[in-house]
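Chemist: Got a file for you: data.cif, mmCIF, C-alpha atoms and all ligand atoms; chains and numbers go by the auth columns.
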```cif
data_my_file
loop_
_atom_site.group_PDB
_atom_site.id
_atom_site.type_symbol
_atom_site.label_atom_id
_atom_site.label_comp_id
_atom_site.label_asym_id
_atom_site.label_seq_id
_atom_site.Cartn_x
_atom_site.Cartn_y
_atom_site.Cartn_z
_atom_site.B_iso_or_equiv
_atom_site.auth_seq_id
_atom_site.auth_asym_id
ATOM 1 C CA MET A 1 102.166 -78.867 136.129 0.00 15 D
ATOM 2 C CA ARG A 2 104.592 -77.554 133.539 0.00 16 D
ATOM 3 C CA GLY A 3 107.485 -78.833 135.665 0.00 17 D
ATOM 4 C CA GLU A 4 105.870 -82.260 135.803 0.00 18 D
ATOM 5 C CA LYS A 5 105.421 -82.313 132.041 0.00 19 D
ATOM 6 C CA LEU A 6 109.025 -81.337 131.461 0.00 20 D
ATOM 7 C CA PHE A 7 110.171 -84.063 133.879 0.00 21 D
ATOM 8 C CA LEU A 8 108.088 -86.680 132.051 0.00 22 D
ATOM 9 C CA GLN A 9 109.472 -85.484 128.727 0.00 23 D
ATOM 10 C CA PHE A 10 112.992 -85.761 130.152 0.00 24 D
ATOM 11 C CA LEU A 11 112.285 -89.308 131.336 0.00 25 D
ATOM 12 C CA ARG A 12 110.824 -90.368 127.996 0.00 26 D
ATOM 13 C CA LYS A 13 113.300 -88.692 125.689 0.00 27 D
ATOM 14 C CA VAL A 14 116.579 -88.722 127.561 0.00 28 D
ATOM 15 C CA VAL A 15 116.404 -91.637 129.974 0.00 29 D
ATOM 16 C CA LEU A 16 114.233 -94.166 128.126 0.00 30 D
ATOM 17 C CA GLY A 17 114.338 -92.952 124.544 0.00 31 D
ATOM 18 C CA GLY A 18 117.612 -91.365 123.712 0.00 32 D
ATOM 19 C CA SER A 19 120.729 -91.085 125.759 0.00 33 D
ATOM 20 C CA LEU A 20 122.938 -94.124 125.809 0.00 34 D
ATOM 21 C CA THR A 21 125.169 -92.448 128.343 0.00 35 D
ATOM 22 C CA VAL A 22 122.347 -91.778 130.800 0.00 36 D
ATOM 23 C CA ARG A 23 121.041 -95.332 130.440 0.00 37 D
ATOM 24 C CA GLY A 24 124.587 -96.634 130.978 0.00 38 D
ATOM 25 C CA TRP A 25 124.848 -94.615 134.173 0.00 39 D
ATOM 26 C CA LEU A 26 121.410 -95.740 135.416 0.00 40 D
ATOM 27 C CA PHE A 27 122.387 -99.368 134.915 0.00 41 D
ATOM 28 C CA ARG A 28 125.719 -98.754 136.661 0.00 42 D
ATOM 29 C CA ILE A 29 123.846 -97.433 139.679 0.00 43 D
ATOM 30 C CA ALA A 30 121.229 -100.219 139.624 0.00 44 D
ATOM 31 C CA VAL A 31 123.832 -102.993 139.330 0.00 45 D
ATOM 32 C CA HIS A 32 125.909 -101.462 142.144 0.00 46 D
ATOM 33 C CA LEU A 33 122.797 -101.221 144.348 0.00 47 D
ATOM 34 C CA MET A 34 122.273 -104.959 143.829 0.00 48 D
ATOM 35 C CA GLY A 35 125.843 -105.633 144.951 0.00 49 D
ATOM 36 C CA GLY A 36 127.311 -106.173 141.468 0.00 50 D
ATOM 37 C CA SER A 37 129.529 -103.953 139.356 0.00 51 D
ATOM 38 C CA LEU A 38 129.440 -102.410 135.885 0.00 52 D
ATOM 39 C CA GLY A 39 132.459 -100.479 134.628 0.00 53 D
ATOM 40 C CA PRO A 40 132.418 -97.080 132.898 0.00 54 D
ATOM 41 C CA GLY A 41 131.581 -96.534 129.238 0.00 55 D
ATOM 42 C CA ALA A 42 128.525 -98.838 129.135 0.00 56 D
ATOM 43 C CA ARG A 43 126.194 -98.274 126.177 0.00 57 D
ATOM 44 C CA ILE A 44 122.821 -99.891 126.734 0.00 58 D
ATOM 45 C CA TYR A 45 120.479 -99.469 123.755 0.00 59 D
ATOM 46 C CA LYS A 46 116.670 -99.317 123.999 0.00 60 D
ATOM 47 C CA GLY A 47 115.245 -102.435 125.617 0.00 61 D
ATOM 48 C CA GLY A 48 118.715 -103.625 126.690 0.00 62 D
ATOM 49 C CA MET A 49 118.713 -105.087 130.194 0.00 63 D
ATOM 50 C CA ILE A 50 120.935 -106.259 133.016 0.00 64 D
ATOM 51 C CA ILE A 51 118.829 -108.156 135.524 0.00 65 D
ATOM 52 C CA MET A 52 119.906 -109.658 138.835 0.00 66 D
ATOM 53 C CA MET A 53 117.110 -111.931 140.023 0.00 67 D
ATOM 54 C CA ALA A 54 118.462 -112.195 143.552 0.00 68 D
ATOM 55 C CA ARG A 55 120.873 -110.300 145.792 0.00 69 D
ATOM 56 C CA GLU A 56 122.916 -113.476 146.384 0.00 70 D
ATOM 57 C CA ALA A 57 123.636 -113.750 142.662 0.00 71 D
ATOM 58 C CA SER A 58 126.549 -111.837 141.250 0.00 72 D
ATOM 59 C CA ILE A 59 127.217 -109.881 138.065 0.00 73 D
ATOM 60 C CA ARG A 60 130.552 -108.169 137.512 0.00 74 D
ATOM 61 C CA ILE A 61 131.152 -106.415 134.212 0.00 75 D
ATOM 62 C CA GLY A 62 134.179 -104.427 133.031 0.00 76 D
ATOM 63 C CA ARG A 63 134.475 -101.280 130.921 0.00 77 D
ATOM 64 C CA ASN A 64 132.826 -100.387 127.610 0.00 78 D
ATOM 65 C CA LEU A 65 130.031 -102.933 127.549 0.00 79 D
ATOM 66 C CA ALA A 66 127.609 -102.501 124.637 0.00 80 D
ATOM 67 C CA ILE A 67 124.180 -104.095 124.776 0.00 81 D
ATOM 68 C CA ARG A 68 122.198 -103.571 121.572 0.00 82 D
ATOM 69 C CA ARG A 69 118.398 -103.351 121.429 0.00 83 D
ATOM 70 C CA ASN A 70 116.641 -105.915 123.617 0.00 84 D
ATOM 71 C CA GLY A 71 119.881 -107.653 124.515 0.00 85 D
ATOM 72 C CA MET A 72 119.908 -109.088 128.023 0.00 86 D
ATOM 73 C CA ILE A 73 122.331 -110.227 130.707 0.00 87 D
ATOM 74 C CA ASN A 74 120.572 -111.932 133.590 0.00 88 D
ATOM 75 C CA THR A 75 120.946 -114.292 136.509 0.00 89 D
ATOM 76 C CA ALA A 76 118.351 -117.040 136.671 0.00 90 D
ATOM 77 C CA THR A 77 119.113 -118.362 140.173 0.00 91 D
ATOM 78 C CA PRO A 78 120.619 -116.988 143.414 0.00 92 D
ATOM 79 C CA LYS A 79 123.709 -119.169 142.785 0.00 93 D
ATOM 80 C CA ALA A 80 124.454 -117.549 139.436 0.00 94 D
ATOM 81 C CA ARG A 81 127.809 -115.861 138.803 0.00 95 D
ATOM 82 C CA ILE A 82 128.475 -113.768 135.707 0.00 96 D
ATOM 83 C CA GLU A 83 131.973 -112.358 135.174 0.00 97 D
ATOM 84 C CA ILE A 84 132.403 -110.228 132.066 0.00 98 D
ATOM 85 C CA GLY A 85 135.563 -108.433 130.943 0.00 99 D
ATOM 86 C CA ASP A 86 136.126 -105.204 128.987 0.00 100 D
ATOM 87 C CA ASN A 87 134.856 -104.227 125.511 0.00 101 D
ATOM 88 C CA ILE A 88 132.067 -106.768 125.156 0.00 102 D
ATOM 89 C CA TRP A 89 129.507 -106.458 122.379 0.00 103 D
ATOM 90 C CA LEU A 90 126.105 -108.101 122.855 0.00 104 D
ATOM 91 C CA GLY A 91 123.982 -107.950 119.683 0.00 105 D
ATOM 92 C CA GLU A 92 120.257 -107.264 119.255 0.00 106 D
ATOM 93 C CA SER A 93 118.083 -109.617 121.335 0.00 107 D
ATOM 94 C CA ALA A 94 121.094 -111.688 122.371 0.00 108 D
ATOM 95 C CA MET A 95 120.948 -113.248 125.833 0.00 109 D
ATOM 96 C CA VAL A 96 123.505 -114.228 128.444 0.00 110 D
ATOM 97 C CA THR A 97 121.618 -116.150 131.135 0.00 111 D
ATOM 98 C CA SER A 98 123.310 -117.799 134.078 0.00 112 D
ATOM 99 C CA GLY A 99 122.081 -120.140 136.770 0.00 113 D
ATOM 100 C CA CYS A 100 125.575 -121.426 137.439 0.00 114 D
ATOM 101 C CA ARG A 101 128.653 -119.545 136.159 0.00 115 D
ATOM 102 C CA ILE A 102 129.479 -117.714 132.934 0.00 116 D
ATOM 103 C CA ASP A 103 132.865 -116.111 132.294 0.00 117 D
ATOM 104 C CA ILE A 104 133.314 -113.895 129.244 0.00 118 D
ATOM 105 C CA GLU A 105 136.809 -112.530 128.747 0.00 119 D
ATOM 106 C CA ASP A 106 137.753 -109.200 127.107 0.00 120 D
ATOM 107 C CA ASP A 107 136.890 -108.197 123.516 0.00 121 D
ATOM 108 C CA VAL A 108 134.230 -110.844 122.867 0.00 122 D
ATOM 109 C CA ILE A 109 131.526 -110.216 120.236 0.00 123 D
ATOM 110 C CA ILE A 110 128.186 -111.976 120.666 0.00 124 D
ATOM 111 C CA GLY A 111 125.954 -111.663 117.609 0.00 125 D
ATOM 112 C CA PRO A 112 122.238 -110.882 117.435 0.00 126 D
ATOM 113 C CA HIS A 113 119.760 -113.447 118.790 0.00 127 D
ATOM 114 C CA THR A 114 122.495 -115.666 120.204 0.00 128 D
ATOM 115 C CA VAL A 115 121.776 -117.364 123.523 0.00 129 D
ATOM 116 C CA VAL A 116 124.499 -118.223 126.029 0.00 130 D
ATOM 117 C CA CYS A 117 122.898 -120.236 128.835 0.00 131 D
ATOM 118 C CA ASP A 118 124.675 -122.452 131.388 0.00 132 D
ATOM 119 C CA VAL A 119 121.636 -124.314 132.766 0.00 133 D
ATOM 120 C CA ASP A 120 118.939 -126.742 131.679 0.00 134 D
ATOM 121 C CA HIS A 121 115.592 -127.529 133.275 0.00 135 D
ATOM 122 C CA VAL A 122 116.004 -130.635 135.407 0.00 136 D
ATOM 123 C CA VAL A 123 113.926 -133.630 134.336 0.00 137 D
ATOM 124 C CA GLY A 124 111.831 -134.979 137.226 0.00 138 D
ATOM 125 C CA SER A 125 111.285 -138.619 138.246 0.00 139 D
ATOM 126 C CA ASP A 126 108.128 -138.616 136.092 0.00 140 D
ATOM 127 C CA GLY A 127 110.260 -137.816 133.027 0.00 141 D
ATOM 128 C CA MET A 128 108.886 -134.278 132.768 0.00 142 D
ATOM 129 C CA PRO A 129 110.979 -131.081 132.729 0.00 143 D
ATOM 130 C CA THR A 130 110.641 -129.177 136.001 0.00 144 D
ATOM 131 C CA ARG A 131 111.190 -125.538 137.032 0.00 145 D
ATOM 132 C CA GLU A 132 114.432 -126.570 138.746 0.00 146 D
ATOM 133 C CA LEU A 133 117.637 -125.536 136.958 0.00 147 D
ATOM 134 C CA ALA A 134 121.020 -127.268 136.885 0.00 148 D
ATOM 135 C CA GLY A 135 124.080 -126.688 134.781 0.00 149 D
ATOM 136 C CA ARG A 136 127.815 -126.374 134.272 0.00 150 D
ATOM 137 C CA PRO A 137 129.997 -123.281 133.758 0.00 151 D
ATOM 138 C CA ILE A 138 130.609 -121.695 130.373 0.00 152 D
ATOM 139 C CA ARG A 139 133.769 -119.773 129.449 0.00 153 D
ATOM 140 C CA ILE A 140 134.181 -117.615 126.358 0.00 154 D
ATOM 141 C CA CYS A 141 137.810 -116.660 125.960 0.00 155 D
ATOM 142 C CA GLN A 142 139.340 -113.402 124.832 0.00 156 D
ATOM 143 C CA GLY A 143 138.513 -112.071 121.393 0.00 157 D
ATOM 144 C CA ALA A 144 136.077 -114.825 120.387 0.00 158 D
ATOM 145 C CA TRP A 145 133.323 -113.936 117.908 0.00 159 D
ATOM 146 C CA ILE A 146 130.026 -115.798 118.187 0.00 160 D
ATOM 147 C CA ALA A 147 127.907 -114.878 115.171 0.00 161 D
ATOM 148 C CA ALA A 148 124.126 -114.479 114.919 0.00 162 D
ATOM 149 C CA ASN A 149 121.486 -116.997 116.079 0.00 163 D
ATOM 150 C CA CYS A 150 123.829 -119.340 117.934 0.00 164 D
ATOM 151 C CA ASN A 151 123.180 -121.377 121.033 0.00 165 D
ATOM 152 C CA ILE A 152 125.980 -121.958 123.537 0.00 166 D
ATOM 153 C CA VAL A 153 125.004 -124.670 125.988 0.00 167 D
ATOM 154 C CA LYS A 154 126.201 -125.622 129.485 0.00 168 D
ATOM 155 C CA GLY A 155 129.749 -126.717 130.173 0.00 169 D
ATOM 156 C CA VAL A 156 131.530 -125.473 127.058 0.00 170 D
ATOM 157 C CA THR A 157 134.665 -123.377 126.644 0.00 171 D
ATOM 158 C CA ILE A 158 135.095 -121.342 123.485 0.00 172 D
ATOM 159 C CA GLY A 159 138.802 -120.723 122.966 0.00 173 D
ATOM 160 C CA LYS A 160 140.652 -117.471 122.439 0.00 174 D
ATOM 161 C CA GLY A 161 139.893 -115.845 119.076 0.00 175 D
ATOM 162 C CA ALA A 162 137.538 -118.662 118.043 0.00 176 D
ATOM 163 C CA ILE A 163 134.770 -117.927 115.515 0.00 177 D
ATOM 164 C CA ILE A 164 131.382 -119.599 115.744 0.00 178 D
ATOM 165 C CA GLY A 165 129.449 -119.404 112.465 0.00 179 D
ATOM 166 C CA GLY A 166 125.886 -118.125 112.279 0.00 180 D
ATOM 167 C CA GLY A 167 123.143 -120.499 113.458 0.00 181 D
ATOM 168 C CA SER A 168 125.514 -122.895 115.226 0.00 182 D
ATOM 169 C CA VAL A 169 124.809 -124.867 118.397 0.00 183 D
ATOM 170 C CA VAL A 170 127.968 -125.297 120.460 0.00 184 D
ATOM 171 C CA THR A 171 127.863 -128.430 122.596 0.00 185 D
ATOM 172 C CA LYS A 172 131.604 -129.186 122.952 0.00 186 D
ATOM 173 C CA ASP A 173 134.737 -127.125 123.643 0.00 187 D
ATOM 174 C CA ILE A 174 136.018 -125.149 120.657 0.00 188 D
ATOM 175 C CA PRO A 175 139.790 -124.711 120.400 0.00 189 D
ATOM 176 C CA ALA A 176 141.469 -121.280 120.257 0.00 190 D
ATOM 177 C CA TYR A 177 141.888 -119.697 116.811 0.00 191 D
ATOM 178 C CA SER A 178 139.490 -122.084 115.125 0.00 192 D
ATOM 179 C CA THR A 179 136.252 -121.571 113.193 0.00 193 D
ATOM 180 C CA ALA A 180 133.371 -123.889 114.034 0.00 194 D
ATOM 181 C CA VAL A 181 129.975 -124.076 112.337 0.00 195 D
ATOM 182 C CA GLY A 182 126.793 -126.128 112.322 0.00 196 D
ATOM 183 C CA VAL A 183 124.485 -128.072 114.592 0.00 197 D
ATOM 184 C CA PRO A 184 126.272 -129.384 116.562 0.00 198 D
ATOM 185 C CA ALA A 185 129.226 -127.079 115.836 0.00 199 D
ATOM 186 C CA ARG A 186 132.283 -128.720 114.238 0.00 200 D
ATOM 187 C CA VAL A 187 135.653 -127.124 113.571 0.00 201 D
ATOM 188 C CA ILE A 188 136.117 -126.327 109.867 0.00 202 D
ATOM 189 C CA ARG A 189 139.258 -124.191 110.070 0.00 203 D
ATOM 190 C CA ARG A 190 142.213 -123.583 112.347 0.00 204 D
ATOM 191 C CA ARG A 191 144.164 -120.369 112.199 0.00 205 D
ATOM 192 C CA GLU A 192 147.752 -120.075 113.255 0.00 206 D
ATOM 193 C CA ASP A 193 148.260 -119.417 116.978 0.00 207 D
ATOM 194 C CA LYS A 194 149.171 -115.738 116.964 0.00 208 D
ATOM 195 C CA ASP A 195 150.407 -115.691 120.582 0.00 209 D
ATOM 196 C CA SER A 196 153.897 -116.848 119.676 0.00 210 D
ATOM 197 C CA HIS A 197 154.288 -113.815 117.370 0.00 211 D
ATOM 198 C CA LEU A 198 153.000 -111.165 119.768 0.00 212 D
ATOM 199 C CA GLU A 199 156.386 -110.209 121.209 0.00 213 D
ATOM 200 C CA GLU A 200 157.910 -110.126 117.717 0.00 214 D
ATOM 201 C CA ASN A 201 155.102 -107.843 116.444 0.00 215 D
ATOM 202 C CA ARG A 202 155.451 -105.552 119.444 0.00 216 D
ATOM 203 C CA ARG A 203 159.164 -105.146 118.781 0.00 217 D
ATOM 204 C CA ASP A 204 158.550 -104.521 115.046 0.00 218 D
ATOM 205 C CA SER A 205 156.078 -101.721 115.824 0.00 219 D
ATOM 206 C CA LEU A 206 158.559 -99.782 118.022 0.00 220 D
ATOM 207 C CA PRO A 207 160.643 -96.930 116.512 0.00 221 D
ATOM 208 C CA ASP A 208 164.126 -98.074 115.446 0.00 222 D
ATOM 209 C CA GLY A 209 166.033 -96.754 118.471 0.00 223 D
ATOM 210 C CA GLN A 210 163.704 -98.491 120.963 0.00 224 D
ATOM 211 C CA ARG A 211 164.003 -102.044 119.655 0.00 225 D
ATOM 212 C CA ASP A 212 166.018 -104.341 121.817 0.00 226 D
HETATM 213 C C1 LIG B . 131.645 -119.017 109.548 0.00 301 D
HETATM 214 C C2 LIG B . 131.800 -117.770 108.698 0.00 301 D
HETATM 215 C C3 LIG B . 132.421 -116.663 109.550 0.00 301 D
HETATM 216 C C4 LIG B . 132.669 -117.983 107.465 0.00 301 D
HETATM 217 O O1 LIG B . 133.849 -118.668 107.747 0.00 301 D
HETATM 218 P P1 LIG B . 134.840 -119.059 106.564 0.00 301 D
HETATM 219 O O2 LIG B . 136.059 -119.571 107.230 0.00 301 D
HETATM 220 O O3 LIG B . 135.012 -117.917 105.605 0.00 301 D
HETATM 221 O O4 LIG B . 134.054 -120.251 105.860 0.00 301 D
HETATM 222 P P2 LIG B . 133.584 -120.450 104.337 0.00 301 D
HETATM 223 O O5 LIG B . 132.621 -119.400 103.939 0.00 301 D
HETATM 224 O O6 LIG B . 134.804 -120.641 103.468 0.00 301 D
HETATM 225 O O7 LIG B . 132.817 -121.835 104.453 0.00 301 D
HETATM 226 C C5 LIG B . 133.478 -123.044 104.732 0.00 301 D
HETATM 227 C C6 LIG B . 132.455 -124.161 104.800 0.00 301 D
HETATM 228 O O8 LIG B . 131.620 -123.980 105.943 0.00 301 D
HETATM 229 C C7 LIG B . 130.238 -123.830 105.581 0.00 301 D
HETATM 230 N N1 LIG B . 129.677 -122.783 106.433 0.00 301 D
HETATM 231 C C8 LIG B . 130.073 -121.487 106.518 0.00 301 D
HETATM 232 N N2 LIG B . 129.349 -120.847 107.432 0.00 301 D
HETATM 233 C C9 LIG B . 128.476 -121.745 107.931 0.00 301 D
HETATM 234 C C10 LIG B . 127.466 -121.656 108.910 0.00 301 D
HETATM 235 N N3 LIG B . 127.230 -120.530 109.562 0.00 301 D
HETATM 236 N N4 LIG B . 126.770 -122.776 109.192 0.00 301 D
HETATM 237 C C11 LIG B . 127.012 -123.943 108.543 0.00 301 D
HETATM 238 N N5 LIG B . 127.964 -124.068 107.582 0.00 301 D
HETATM 239 C C12 LIG B . 128.680 -122.986 107.286 0.00 301 D
HETATM 240 C C13 LIG B . 130.289 -123.430 104.111 0.00 301 D
HETATM 241 O O9 LIG B . 129.112 -123.805 103.459 0.00 301 D
HETATM 242 C C14 LIG B . 131.500 -124.187 103.627 0.00 301 D
HETATM 243 O O10 LIG B . 131.124 -125.544 103.440 0.00 301 D
HETATM 244 P P3 LIG B . 131.742 -126.404 102.206 0.00 301 D
HETATM 245 O O11 LIG B . 133.233 -126.457 102.468 0.00 301 D
HETATM 246 O O12 LIG B . 131.056 -127.740 102.347 0.00 301 D
HETATM 247 O O13 LIG B . 131.409 -125.655 100.971 0.00 301 D
HETATM 248 C C15 LIG B . 130.477 -117.267 108.093 0.00 301 D
HETATM 249 O O14 LIG B . 130.002 -118.226 107.155 0.00 301 D
HETATM 250 C C16 LIG B . 129.397 -116.993 109.101 0.00 301 D
HETATM 251 O O15 LIG B . 128.709 -117.885 109.608 0.00 301 D
HETATM 252 N N6 LIG B . 129.223 -115.703 109.404 0.00 301 D
HETATM 253 C C17 LIG B . 128.280 -115.233 110.370 0.00 301 D
HETATM 254 C C18 LIG B . 127.634 -113.942 109.925 0.00 301 D
HETATM 255 C C19 LIG B . 126.816 -113.353 111.021 0.00 301 D
HETATM 256 O O16 LIG B . 126.106 -114.013 111.753 0.00 301 D
HETATM 257 N N7 LIG B . 126.937 -112.058 111.162 0.00 301 D
HETATM 258 C C20 LIG B . 126.297 -111.330 112.239 0.00 301 D
HETATM 259 C C21 LIG B . 127.279 -110.384 112.820 0.00 301 D
HETATM 260 S S1 LIG B . 127.664 -110.743 114.500 0.00 301 D
#
```
When written as structure tokens, how does the structure in this file appear?
Ligand SMILES: CC(C)(COP(=O)(O)OP(=O)(O)OC[C@H]1O[C@@H](n2cnc3c(N)ncnc32)[C@H](O)[C@@H]1OP(=O)(O)O)[C@@H](O)C(=O)NCCC(=O)NCCS
Modeler:
Amino acid sequence: MRGEKLFLQFLRKVVLGGSLTVRGWLFRIAVHLMGGSLGPGARIYKGGMIIMMAREASIRIGRNLAIRRNGMINTATPKARIEIGDNIWLGESAMVTSGCRIDIEDDVIIGPHTVVCDVDHVVGSDGMPTRELAGRPIRICQGAWIAANCNIVKGVTIGKGAIIGGGSVVTKDIPAYSTAVGVPARVIRRREDKDSHLEENRRDSLPDGQRD
């Protein structure tokens, strides 16, 4: 009886209530059991979820994923493919839902309440939306920041280092190193392409004797 009570307390406090590490490990095991993968260092806050609707679907996630409260990554159809890199931040109640294919590269930040969804409900011959889903792939490139309350719809690519302002709806591709805002999102700023300076910066950061 006492043992049972202690076990329930452990479940409530450590597994469900408290420990991010334990929840991370439980999700790692669950995702692996479903045939997907979740790298080490995952921090899944209370209510955070990774859901694979069907065994045929696929979710592969790299290291150091953080899912804040009630955030969710899920596959909506057996055809869905979700490929997520390292160091991804998914804000409170944000959702990544795939019925087609979603690729999120390393170091992407997705703000609270943002929805990334690559499918729409198909409209039937009677003009009414049906339960059937169809879509086009979404790609979010390395280091992009999508702020709070955004909607990223099917078929778009958000370029490397791009910033999407709060409350935006992204319906077209957004170029790398640009800032886009509004409904629909329009580019308001372009930053310099930092890639061309990377090698220069790397050399500058080396001690004197090691520069070539
Ligand atoms: C886009 C953002 C990053 C600021 O970018 P910025 O380059 O500094 O832009 P500015 O503040 O100079 O604004 C430039 C113009 O865009 C408009 N603008 C800025 N953010 C906007 C937004 N989210 N939606 C619509 N218009 C916006 C400004 O009103 C301004 O318009 P104007 O030139 O007609 O006056 C910021 O406004 C934003 O949306 N932050 C999101 C905050 C958030 O969601 N945080 C949660 C953490 S994940």
Chemist: Write as a PyMOL selection string the residues around ligand LIG 301 (chain D), taking 10 Å as the cut-off and counting only C-alpha atoms and all ligand atoms.
Modeler: chain D and resi 103-106+123-128+159-164+177-183+192-205
Chemist: Is it possible to get the residues within 9 Å of (114.3, -113.8, 124.4) (coordinates as in the file, counting all atoms listed in the file) written as a PDB file with C-alpha atoms, in the frame of the given file?
Modeler:
```pdb
ATOM      1  CA  ASN D  84     116.641-105.915 123.617  1.00  0.00           C
ATOM      2  CA  GLY D  85     119.881-107.653 124.515  1.00  0.00           C
ATOM      3  CA  MET D  86     119.908-109.088 128.023  1.00  0.00           C
ATOM      4  CA  SER D 107     118.083-109.617 121.335  1.00  0.00           C
ATOM      5  CA  ALA D 108     121.094-111.688 122.371  1.00  0.00           C
ATOM      6  CA  MET D 109     120.948-113.248 125.833  1.00  0.00           C
ATOM      7  CA  HIS D 127     119.760-113.447 118.790  1.00  0.00           C
ATOM      8  CA  VAL D 129     121.776-117.364 123.523  1.00  0.00           C
TER       9      VAL D 129
END
```
Chemist: Looking at D:Val136, D:Val167, D:Met66, D:Leu79, which one is nearest to Arg150 (chain D), with distances taken over all atoms listed in the file?
Modeler: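 Comparing D:Val136, D:Val167, D:Met66, D:Leu79 against Arg150 (chain D), the winner is D:Val167.
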Chemist: Assuming the chain letters and numbering stay as they are in my file, what does the PyMOL selection byres (((chain D and resi 48) around 10) and not hetatm) actually select? List them as a ChimeraX atom specification.
Modeler: /D:43-47,49-51,65-73
Chemist: Applying the PyMOL selection byres (((chain D and resi 74-77) around 7) and not hetatm) to the file I just gave you, which residues come out? Please list them as a PyMOL selection string.
Modeler: chain D and resi 50-56+72-73+78-79+96-101
